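**Student:** Mind having a look at this structure? Questions to follow.
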Amino acid sequence: MPYTGLLLSEAIDEAIPYMKGYPYVLHSPVESFETVEMENILATRRAVPATDQKAARLIVIHRLYAPCLNYIPSLTRHKRNAETNILLFGSYLDYEMVGDMLKPTFGSGITKIFPRGGIVCFTMDYLLENPQHIKRALAYVVVLSRS
């Protein structure tokens with residue numbers, strides 16, 4: 001049965017395991033209802049806040065912080081560890097084209113980001129400045145996904 005709080009998502013069961021003592025780090029606004037809800041979800045699954053950032057096996061980041069991921073402490077080190085799960089959670093308001101009309105869409109949930117450690121990451125600015133690297137980057141990703 002999916003969780004039915006503010007963070008509506010069927011991905012909670014597969015993203016956040018029921019493991020007593022599972023160390024996590026949460027990056028989220030303190031005053032947010034979604035932060036409180038995520039802390040409750042983590043507590044019911046027996047996860048514990050990591051006393052040492054290096055020991056964390058679950059990194060949970062609110063969607064509000066998505067534009068500034070590169071400023072999150074130790075995130076690069078966590079991306080190098082394929083055993084660490086990095087999740088993006090929270091609600092969002094976006095827009096989509098429906099026919100010739102732009103309509104708002106609301107969503108919420110949990111998304112796993114940087115799968116397999118996210119060893120290769122490119123910013124849009126980099127790809128725009130170096131379009132010749134796109135072909136090599138895509139070839140690398142295709143080779144990784146076949147193995």
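If you're wondering about the labels, chains in the structure tokens are A, B, ... by order shown, residues count from 1 in each chain, ligands from 1 in order shown.
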Which neighbours of A:Gly21 fall inside 8 Å, counting only C-alpha atoms, when residues of the same chain fewer than 2 positions from it are skipped, and could you give them as a PyMOL selection string?
**Tutor:** chain A and resi 19+23+46-48
**Student:** Since we have the selection now, will you write its residues out, keeping N, CA and C atoms, as a CSV table (one decimal), in the first residue's frame?
**Tutor:**
```csv
chain,number,residue,atom,x,y,z
A,19,MET,N,15.6,-0.7,7.5
A,19,MET,CA,16.8,-1.2,8.0
A,19,MET,C,17.2,-0.5,9.3
A,23,PRO,N,22.1,4.7,8.3
A,23,PRO,CA,22.5,6.1,8.5
A,23,PRO,C,22.1,7.0,7.3
A,46,ARG,N,13.3,3.0,10.8
A,46,ARG,CA,14.4,2.8,11.7
A,46,ARG,C,15.7,3.4,11.2
A,47,ALA,N,15.7,4.3,10.3
A,47,ALA,CA,16.9,5.0,9.8
A,47,ALA,C,17.3,6.0,10.9
A,48,VAL,N,18.6,6.3,11.0
A,48,VAL,CA,19.1,7.2,12.0
A,48,VAL,C,20.0,8.3,11.4
```
**Student:** I'd like the contact shell of stretch 75-79 of chain A - 12 Å cut-off, only C-alpha atoms, skipping same-chain residues fewer than 2 positions apart - returned as a PyMOL selection string.
**Tutor:** chain A and resi 24-27+53-61+68-73+81-87+112-121
**Student:** The selected residues should be written to file as an mmCIF file, in the first residue's frame (atoms: C-alpha atoms).
**Tutor:**
```
data_model
loop_
_atom_site.group_PDB
_atom_site.id
_atom_site.type_symbol
_atom_site.label_atom_id
_atom_site.label_comp_id
_atom_site.auth_asym_id
_atom_site.auth_seq_id
_atom_site.Cartn_x
_atom_site.Cartn_y
_atom_site.Cartn_z
ATOM 1 C CA TYR A 24 21.141 9.095 6.503
ATOM 2 C CA VAL A 25 21.772 12.791 5.942
ATOM 3 C CA LEU A 26 18.829 15.097 5.260
ATOM 4 C CA HIS A 27 19.237 18.396 3.382
ATOM 5 C CA GLN A 53 28.762 12.315 7.014
ATOM 6 C CA LYS A 54 31.164 9.701 5.626
ATOM 7 C CA ALA A 55 29.064 6.905 7.152
ATOM 8 C CA ALA A 56 25.797 8.007 5.515
ATOM 9 C CA ARG A 57 24.331 5.502 3.056
ATOM 10 C CA LEU A 58 21.236 7.558 2.271
ATOM 11 C CA ILE A 59 21.335 11.223 1.255
ATOM 12 C CA VAL A 60 17.902 12.855 1.112
ATOM 13 C CA ILE A 61 17.645 16.279 -0.567
ATOM 14 C CA CYS A 68 22.311 24.307 -6.004
ATOM 15 C CA LEU A 69 23.325 20.648 -5.642
ATOM 16 C CA ASN A 70 26.980 21.530 -6.149
ATOM 17 C CA TYR A 71 26.920 23.492 -2.858
ATOM 18 C CA ILE A 72 25.761 20.549 -0.720
ATOM 19 C CA PRO A 73 28.650 19.480 1.536
ATOM 20 C CA ASN A 81 30.234 5.557 -3.587
ATOM 21 C CA ALA A 82 27.894 3.322 -5.596
ATOM 22 C CA GLU A 83 26.407 1.965 -2.327
ATOM 23 C CA THR A 84 25.047 5.387 -1.352
ATOM 24 C CA ASN A 85 21.499 6.208 -2.421
ATOM 25 C CA ILE A 86 20.815 9.855 -3.169
ATOM 26 C CA LEU A 87 17.159 10.860 -3.248
ATOM 27 C CA LYS A 112 16.579 8.590 -7.084
ATOM 28 C CA ILE A 113 19.307 10.782 -8.558
ATOM 29 C CA PHE A 114 22.889 9.927 -9.465
ATOM 30 C CA PRO A 115 22.258 6.186 -9.909
ATOM 31 C CA ARG A 116 25.326 3.951 -9.729
ATOM 32 C CA GLY A 117 27.187 6.726 -7.959
ATOM 33 C CA GLY A 118 26.727 9.361 -10.665
ATOM 34 C CA ILE A 119 30.355 9.135 -11.704
ATOM 35 C CA VAL A 120 29.779 11.137 -14.882
ATOM 36 C CA CYS A 121 27.874 14.413 -14.517
#
```
**Student:** List every residue of chain A that DSSP, applied to the backbone, labels as helix (DSSP H, G or I), and write the result as a ChimeraX atom specification.
**Tutor:** /A:12-15,33-44,53-55,63-71,75-80,115-117,124-129,133-146
